Structure formats: C-alpha cells, structure tokens
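Just structure-v9.txt here, compact mmCIF, N, CA and C atoms:
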# COMPACT_ATOMS: atom_id res chain seq x y z
N MET A 1 7.30 -262.21 -5.75
CA MET A 1 6.48 -261.80 -6.86
C MET A 1 6.82 -260.39 -7.32
N LEU A 2 6.93 -259.49 -6.37
CA LEU A 2 7.22 -258.11 -6.72
C LEU A 2 8.61 -257.94 -7.32
N ILE A 3 9.53 -258.82 -6.97
CA ILE A 3 10.89 -258.78 -7.52
C ILE A 3 10.86 -258.89 -9.04
N LEU A 4 9.91 -259.65 -9.58
CA LEU A 4 9.81 -259.79 -11.04
C LEU A 4 9.58 -258.44 -11.72
N PHE A 5 9.06 -257.48 -10.96
CA PHE A 5 8.82 -256.14 -11.49
C PHE A 5 9.91 -255.16 -11.07
N GLY A 6 10.96 -255.68 -10.44
CA GLY A 6 12.03 -254.81 -9.96
C GLY A 6 11.66 -254.06 -8.70
N ILE A 7 10.68 -254.55 -7.96
CA ILE A 7 10.19 -253.88 -6.76
C ILE A 7 10.65 -254.67 -5.53
N ASP A 8 11.30 -253.98 -4.59
CA ASP A 8 11.82 -254.61 -3.38
C ASP A 8 11.45 -253.77 -2.16
N PRO A 9 10.18 -253.87 -1.72
CA PRO A 9 9.75 -253.07 -0.57
C PRO A 9 10.53 -253.44 0.69
N LYS A 10 10.75 -252.47 1.53
CA LYS A 10 11.53 -252.69 2.75
C LYS A 10 10.66 -252.90 3.99
N THR A 11 9.35 -252.65 3.86
CA THR A 11 8.45 -252.78 5.02
C THR A 11 7.20 -253.56 4.62
N HIS A 12 6.48 -254.03 5.62
CA HIS A 12 5.20 -254.69 5.35
C HIS A 12 4.24 -253.72 4.67
N GLU A 13 4.26 -252.49 5.11
CA GLU A 13 3.39 -251.47 4.51
C GLU A 13 3.75 -251.27 3.04
N GLY A 14 5.04 -251.31 2.74
CA GLY A 14 5.48 -251.19 1.35
C GLY A 14 5.02 -252.35 0.50
N VAL A 15 5.07 -253.56 1.06
CA VAL A 15 4.57 -254.74 0.35
C VAL A 15 3.09 -254.59 0.06
N LYS A 16 2.35 -254.20 1.08
CA LYS A 16 0.90 -254.02 0.93
C LYS A 16 0.59 -252.98 -0.15
N THR A 17 1.29 -251.87 -0.12
CA THR A 17 1.08 -250.80 -1.11
C THR A 17 1.40 -251.28 -2.51
N MET A 18 2.53 -251.96 -2.67
CA MET A 18 2.96 -252.38 -3.99
C MET A 18 2.13 -253.53 -4.54
N ILE A 19 1.63 -254.41 -3.68
CA ILE A 19 0.70 -255.44 -4.15
C ILE A 19 -0.53 -254.78 -4.75
N ASN A 20 -1.03 -253.77 -4.05
CA ASN A 20 -2.19 -253.04 -4.56
C ASN A 20 -1.86 -252.33 -5.87
N LYS A 21 -0.76 -251.62 -5.88
CA LYS A 21 -0.40 -250.80 -7.04
C LYS A 21 -0.03 -251.65 -8.26
N LYS A 22 0.80 -252.65 -8.07
CA LYS A 22 1.34 -253.39 -9.20
C LYS A 22 0.48 -254.59 -9.61
N LEU A 23 -0.14 -255.25 -8.65
CA LEU A 23 -0.88 -256.47 -8.98
C LEU A 23 -2.38 -256.25 -9.10
N ILE A 24 -2.95 -255.50 -8.21
CA ILE A 24 -4.41 -255.34 -8.21
C ILE A 24 -4.84 -254.25 -9.20
N LEU A 25 -4.24 -253.07 -9.10
CA LEU A 25 -4.66 -251.99 -9.99
C LEU A 25 -4.34 -252.28 -11.45
N GLU A 26 -3.32 -253.11 -11.71
CA GLU A 26 -2.99 -253.48 -13.08
C GLU A 26 -3.75 -254.72 -13.55
N GLY A 27 -4.63 -255.23 -12.70
CA GLY A 27 -5.52 -256.33 -13.10
C GLY A 27 -4.94 -257.73 -13.06
N LEU A 28 -3.76 -257.90 -12.46
CA LEU A 28 -3.19 -259.24 -12.35
C LEU A 28 -3.81 -260.05 -11.23
N LEU A 29 -4.27 -259.36 -10.21
CA LEU A 29 -4.81 -260.00 -9.02
C LEU A 29 -6.18 -259.39 -8.70
N PRO A 30 -7.20 -260.23 -8.51
CA PRO A 30 -8.52 -259.69 -8.17
C PRO A 30 -8.49 -258.89 -6.85
N LYS A 31 -9.35 -257.90 -6.76
CA LYS A 31 -9.40 -257.03 -5.57
C LYS A 31 -9.58 -257.81 -4.27
N GLU A 32 -10.37 -258.88 -4.32
CA GLU A 32 -10.61 -259.64 -3.09
C GLU A 32 -9.32 -260.22 -2.52
N TYR A 33 -8.35 -260.51 -3.38
CA TYR A 33 -7.08 -261.04 -2.91
C TYR A 33 -6.29 -259.98 -2.16
N GLY A 34 -6.38 -258.75 -2.59
CA GLY A 34 -5.75 -257.65 -1.87
C GLY A 34 -6.37 -257.46 -0.50
N LYS A 35 -7.69 -257.60 -0.45
CA LYS A 35 -8.39 -257.50 0.83
C LYS A 35 -7.95 -258.62 1.76
N TRP A 36 -7.86 -259.83 1.21
CA TRP A 36 -7.39 -260.96 2.04
C TRP A 36 -5.99 -260.69 2.59
N PHE A 37 -5.10 -260.21 1.71
CA PHE A 37 -3.73 -259.94 2.14
C PHE A 37 -3.71 -258.90 3.25
N ARG A 38 -4.42 -257.80 3.06
CA ARG A 38 -4.45 -256.74 4.08
C ARG A 38 -5.01 -257.27 5.39
N ASN A 39 -6.10 -258.05 5.33
CA ASN A 39 -6.70 -258.58 6.55
C ASN A 39 -5.77 -259.57 7.25
N LEU A 40 -5.14 -260.45 6.48
CA LEU A 40 -4.21 -261.41 7.08
C LEU A 40 -3.02 -260.71 7.73
N LEU A 41 -2.50 -259.69 7.07
CA LEU A 41 -1.39 -258.94 7.63
C LEU A 41 -1.81 -258.22 8.91
N ALA A 42 -2.97 -257.60 8.89
CA ALA A 42 -3.46 -256.90 10.08
C ALA A 42 -3.69 -257.88 11.23
N ASP A 43 -4.26 -259.04 10.93
CA ASP A 43 -4.49 -260.05 11.97
C ASP A 43 -3.17 -260.54 12.55
N ARG A 44 -2.19 -260.79 11.68
CA ARG A 44 -0.89 -261.25 12.17
C ARG A 44 -0.24 -260.21 13.06
N GLU A 45 -0.29 -258.95 12.64
CA GLU A 45 0.31 -257.89 13.45
C GLU A 45 -0.41 -257.74 14.79
N GLU A 46 -1.73 -257.88 14.77
CA GLU A 46 -2.48 -257.77 16.02
C GLU A 46 -2.11 -258.89 16.98
N VAL A 47 -2.02 -260.10 16.48
CA VAL A 47 -1.67 -261.24 17.33
C VAL A 47 -0.23 -261.11 17.84
N ASP A 48 0.67 -260.61 16.98
CA ASP A 48 2.06 -260.48 17.37
C ASP A 48 2.28 -259.38 18.41
N TYR A 49 1.56 -258.28 18.29
CA TYR A 49 1.90 -257.10 19.08
C TYR A 49 0.87 -256.68 20.13
N ALA A 50 -0.34 -257.15 20.05
CA ALA A 50 -1.37 -256.76 21.03
C ALA A 50 -1.39 -257.76 22.18
N ASP A 51 -1.91 -257.31 23.29
CA ASP A 51 -2.03 -258.18 24.46
C ASP A 51 -3.36 -258.92 24.44
N TYR A 52 -3.32 -260.17 24.81
CA TYR A 52 -4.52 -260.99 25.03
C TYR A 52 -5.43 -261.11 23.81
N VAL A 53 -4.84 -261.28 22.67
CA VAL A 53 -5.62 -261.48 21.46
C VAL A 53 -5.77 -262.98 21.24
N THR A 54 -6.99 -263.39 20.97
CA THR A 54 -7.24 -264.79 20.66
C THR A 54 -7.91 -264.89 19.29
N VAL A 55 -7.70 -266.02 18.65
CA VAL A 55 -8.31 -266.29 17.36
C VAL A 55 -9.03 -267.62 17.49
N ASP A 56 -10.32 -267.64 17.16
CA ASP A 56 -11.04 -268.91 17.27
C ASP A 56 -10.74 -269.77 16.05
N SER A 57 -11.05 -271.04 16.16
CA SER A 57 -10.68 -272.00 15.11
C SER A 57 -11.38 -271.70 13.78
N ALA A 58 -12.60 -271.20 13.82
CA ALA A 58 -13.32 -270.89 12.58
C ALA A 58 -12.62 -269.75 11.83
N ASP A 59 -12.23 -268.70 12.56
CA ASP A 59 -11.51 -267.59 11.94
C ASP A 59 -10.15 -268.04 11.42
N ALA A 60 -9.49 -268.91 12.16
CA ALA A 60 -8.19 -269.43 11.72
C ALA A 60 -8.34 -270.25 10.45
N GLU A 61 -9.39 -271.04 10.34
CA GLU A 61 -9.62 -271.84 9.14
C GLU A 61 -9.87 -270.95 7.92
N ILE A 62 -10.65 -269.89 8.11
CA ILE A 62 -10.91 -268.95 7.03
C ILE A 62 -9.62 -268.26 6.60
N ALA A 63 -8.84 -267.81 7.57
CA ALA A 63 -7.57 -267.15 7.27
C ALA A 63 -6.62 -268.09 6.53
N LEU A 64 -6.56 -269.33 6.97
CA LEU A 64 -5.70 -270.31 6.31
C LEU A 64 -6.13 -270.55 4.88
N LYS A 65 -7.41 -270.70 4.65
CA LYS A 65 -7.94 -270.93 3.31
C LYS A 65 -7.65 -269.71 2.41
N ASN A 66 -7.86 -268.52 2.94
CA ASN A 66 -7.58 -267.31 2.16
C ASN A 66 -6.09 -267.20 1.83
N ALA A 67 -5.24 -267.54 2.80
CA ALA A 67 -3.80 -267.49 2.55
C ALA A 67 -3.40 -268.51 1.49
N GLU A 68 -3.96 -269.70 1.55
CA GLU A 68 -3.67 -270.73 0.54
C GLU A 68 -4.13 -270.28 -0.85
N ASN A 69 -5.32 -269.71 -0.92
CA ASN A 69 -5.83 -269.20 -2.21
C ASN A 69 -4.95 -268.08 -2.75
N PHE A 70 -4.53 -267.18 -1.86
CA PHE A 70 -3.67 -266.08 -2.25
C PHE A 70 -2.35 -266.62 -2.82
N LEU A 71 -1.73 -267.55 -2.11
CA LEU A 71 -0.45 -268.10 -2.57
C LEU A 71 -0.60 -268.87 -3.88
N ASP A 72 -1.67 -269.62 -4.02
CA ASP A 72 -1.91 -270.34 -5.29
C ASP A 72 -2.02 -269.36 -6.45
N LYS A 73 -2.78 -268.29 -6.25
CA LYS A 73 -2.95 -267.30 -7.30
C LYS A 73 -1.63 -266.61 -7.64
N ILE A 74 -0.86 -266.26 -6.62
CA ILE A 74 0.45 -265.62 -6.83
C ILE A 74 1.37 -266.56 -7.60
N ARG A 75 1.38 -267.85 -7.24
CA ARG A 75 2.21 -268.82 -7.97
C ARG A 75 1.82 -268.88 -9.44
N ASN A 76 0.53 -268.90 -9.71
CA ASN A 76 0.06 -268.95 -11.10
C ASN A 76 0.47 -267.70 -11.88
N ILE A 77 0.31 -266.55 -11.26
CA ILE A 77 0.70 -265.29 -11.91
C ILE A 77 2.20 -265.29 -12.15
N ARG A 78 2.96 -265.69 -11.14
CA ARG A 78 4.42 -265.71 -11.26
C ARG A 78 4.86 -266.61 -12.42
N GLU A 79 4.29 -267.80 -12.49
CA GLU A 79 4.64 -268.72 -13.57
C GLU A 79 4.30 -268.14 -14.94
N SER A 80 3.16 -267.51 -15.05
CA SER A 80 2.78 -266.87 -16.32
C SER A 80 3.73 -265.74 -16.70
N LEU A 81 4.10 -264.93 -15.72
CA LEU A 81 5.02 -263.83 -15.99
C LEU A 81 6.40 -264.34 -16.40
N ILE A 82 6.87 -265.38 -15.74
CA ILE A 82 8.18 -265.94 -16.08
C ILE A 82 8.14 -266.51 -17.49
N LYS A 83 7.09 -267.23 -17.84
CA LYS A 83 6.97 -267.76 -19.20
C LYS A 83 6.94 -266.64 -20.23
N GLU A 84 6.22 -265.58 -19.91
CA GLU A 84 6.14 -264.43 -20.82
C GLU A 84 7.51 -263.77 -20.98
N MET A 85 8.24 -263.63 -19.88
CA MET A 85 9.58 -263.05 -19.93
C MET A 85 10.52 -263.93 -20.75
N GLU A 86 10.42 -265.24 -20.57
CA GLU A 86 11.25 -266.18 -21.33
C GLU A 86 10.92 -266.10 -22.82
N LYS A 87 9.64 -265.98 -23.13
CA LYS A 87 9.21 -265.88 -24.52
C LYS A 87 9.80 -264.63 -25.17
N HIS A 88 9.73 -263.50 -24.46
CA HIS A 88 10.29 -262.26 -25.00
C HIS A 88 11.80 -262.36 -25.16
N THR A 89 12.45 -263.04 -24.24
CA THR A 89 13.89 -263.23 -24.33
C THR A 89 14.23 -264.09 -25.56
N ASP A 90 13.49 -265.18 -25.74
CA ASP A 90 13.70 -266.06 -26.90
C ASP A 90 13.43 -265.33 -28.21
N ASP A 91 12.39 -264.50 -28.22
CA ASP A 91 12.04 -263.75 -29.43
C ASP A 91 13.12 -262.74 -29.81
N ASN A 92 13.84 -262.25 -28.80
CA ASN A 92 14.87 -261.24 -29.05
C ASN A 92 16.23 -261.84 -29.39
N LEU A 93 16.33 -263.15 -29.35
CA LEU A 93 17.63 -263.78 -29.65
C LEU A 93 17.85 -263.97 -31.10
Encoded form (structure tokens):
Amino acid sequence: MLILFGIDPKTHEGVKTMINKKLILEGLLPKEYGKWFRNLLADREEVDYADYVTVDSADAEIALKNAENFLDKIRNIRESLIKEMEKHTDDNL
C-alpha cells in the first residue's frame, strides 16, 4: 500500500509510522485501524520475542477479525487509488 505513495519503509517501526502519517492523518484510513495495526504488531512481537507468552482463543479471534478488517480496508483503498491513478494517466494521454 505504501509503495503506491513511493514509500518503502525498512523496519516495522517505519511501516507503523508511515501508515499513521500517510494513511491515517491524511484521512484514508480511520484511526481505529491504526490502533488495530499497532496492537497486532505489538502482540506479534511480544509472542515472537518474549518468553512464556500465551494468547487465549478469544483474544486470537479478536486479533484475527481486526486483521481481516484492516486488510479488507487496505485492499479497498488500494483499488481506489489505482483507479484514480489510471484515470489521471488516461486524462493526460
């Protein structure tokens, strides 16, 4: 998604920052989606790097649903941006 804006973050922190800066602050993505992304990333990092971390099934279901919603929204935004870019390209021909 960020590639469409010429943005290629090199770290997870960079992705998180640029999602906030380019998608949320510019109004393409609701704030709650940024919160979901930050929480999902933090949870993944905790499970990957901390000792003895467990996730119960209810929390996993919520995380999965939030991730699915996030991806659906990103796909919709991406498709709209691509159509807009194609329209501008066609208009300039």
Item checked: For region 37-47 of chain A: contacts at 8 Å, only C-alpha atoms, fewer than 2 positions along chain excluded, given as a PyMOL selection string -> chain A and resi 16+33-35+49-51+53-54+63+67+70
Note to self: What does the structure give for the distance between atom N of Ile77 (chain A) and atom C of Gly14 (chain A), in Å to one decimal?
What the structure shows: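 Atom C of Gly14 (chain A) lies at a distance of 19.0 Å from atom N of Ile77 (chain A).
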Residue neighbourhood region 4-7 of chain A, 9 Å, only C-alpha atoms, exclusion window fewer than 3 positions, as an mmCIF file with N, CA and C atoms, keeping the file's coordinate frame:
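To be explicit, this is the file written out as around-v4.cif:
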data_model
loop_
_atom_site.group_PDB
_atom_site.id
_atom_site.type_symbol
_atom_site.label_atom_id
_atom_site.label_comp_id
_atom_site.auth_asym_id
_atom_site.auth_seq_id
_atom_site.Cartn_x
_atom_site.Cartn_y
_atom_site.Cartn_z
ATOM 1 N N MET A 1 7.300 -262.210 -5.750
ATOM 2 C CA MET A 1 6.480 -261.800 -6.860
ATOM 3 C C MET A 1 6.820 -260.390 -7.320
ATOM 4 N N MET A 18 2.530 -251.960 -2.670
ATOM 5 C CA MET A 18 2.960 -252.380 -3.990
ATOM 6 C C MET A 18 2.130 -253.530 -4.540
ATOM 7 N N LYS A 22 0.800 -252.650 -8.070
ATOM 8 C CA LYS A 22 1.340 -253.390 -9.200
ATOM 9 C C LYS A 22 0.480 -254.590 -9.610
ATOM 10 N N ARG A 78 2.960 -265.690 -11.140
ATOM 11 C CA ARG A 78 4.420 -265.710 -11.260
ATOM 12 C C ARG A 78 4.860 -266.610 -12.420
ATOM 13 N N LEU A 81 4.100 -264.930 -15.720
ATOM 14 C CA LEU A 81 5.020 -263.830 -15.990
ATOM 15 C C LEU A 81 6.400 -264.340 -16.400
ATOM 16 N N ILE A 82 6.870 -265.380 -15.740
ATOM 17 C CA ILE A 82 8.180 -265.940 -16.080
ATOM 18 C C ILE A 82 8.140 -266.510 -17.490
#
Next item on the list: Return as a PyMOL selection string the full set of residues in region 17-79 of chain A whose backbone-based DSSP assignment is alpha helix (DSSP H).
Entry: chain A and resi 17-18+31-49+57-79
Write out as JSON an axis-aligned box for region 44-59 of chain A: all of its atoms listed in the file, 4 Å added on each side, centre and edge lengths in Å with one decimal.
{"center_x": -5.5, "center_y": -264.3, "center_z": 18.2, "size_x": 23.6, "size_y": 23.3, "size_z": 21.6}
Checklist line | Atomic separation - CA of Ile24 (chain A) relative to CA of Ser80 (chain A), Å | finding: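 Computing it gives 15.8 Å between the two atoms.
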Notebook entry, point to check: Quick one: distance from CA of Leu64 (chain A) to atom N of Thr11 (chain A) in Å, one decimal?
Noted result: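 It comes out at 23.3 Å.
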Item checked: Pick from A:Ala58, A:Trp36, A:Glu86, A:Leu29 nearest to Ile74 (chain A), counting only N, CA and C atoms -> A:Leu29
Check: Of the residues A:Asp91, A:Ile62, A:Glu32, A:Arg75, which is the one nearest to Leu2 (chain A), using only C-alpha atoms?
Finding: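 Of A:Asp91, A:Ile62, A:Glu32, A:Arg75, the one nearest Leu2 (chain A), counting only C-alpha atoms, is A:Arg75.
Remark: for Leu23 (chain A), the closest of the candidate residues A:Lys65, A:Ala60, A:Lys73, A:Val55 is A:Lys73 (distances computed over only C-alpha atoms).
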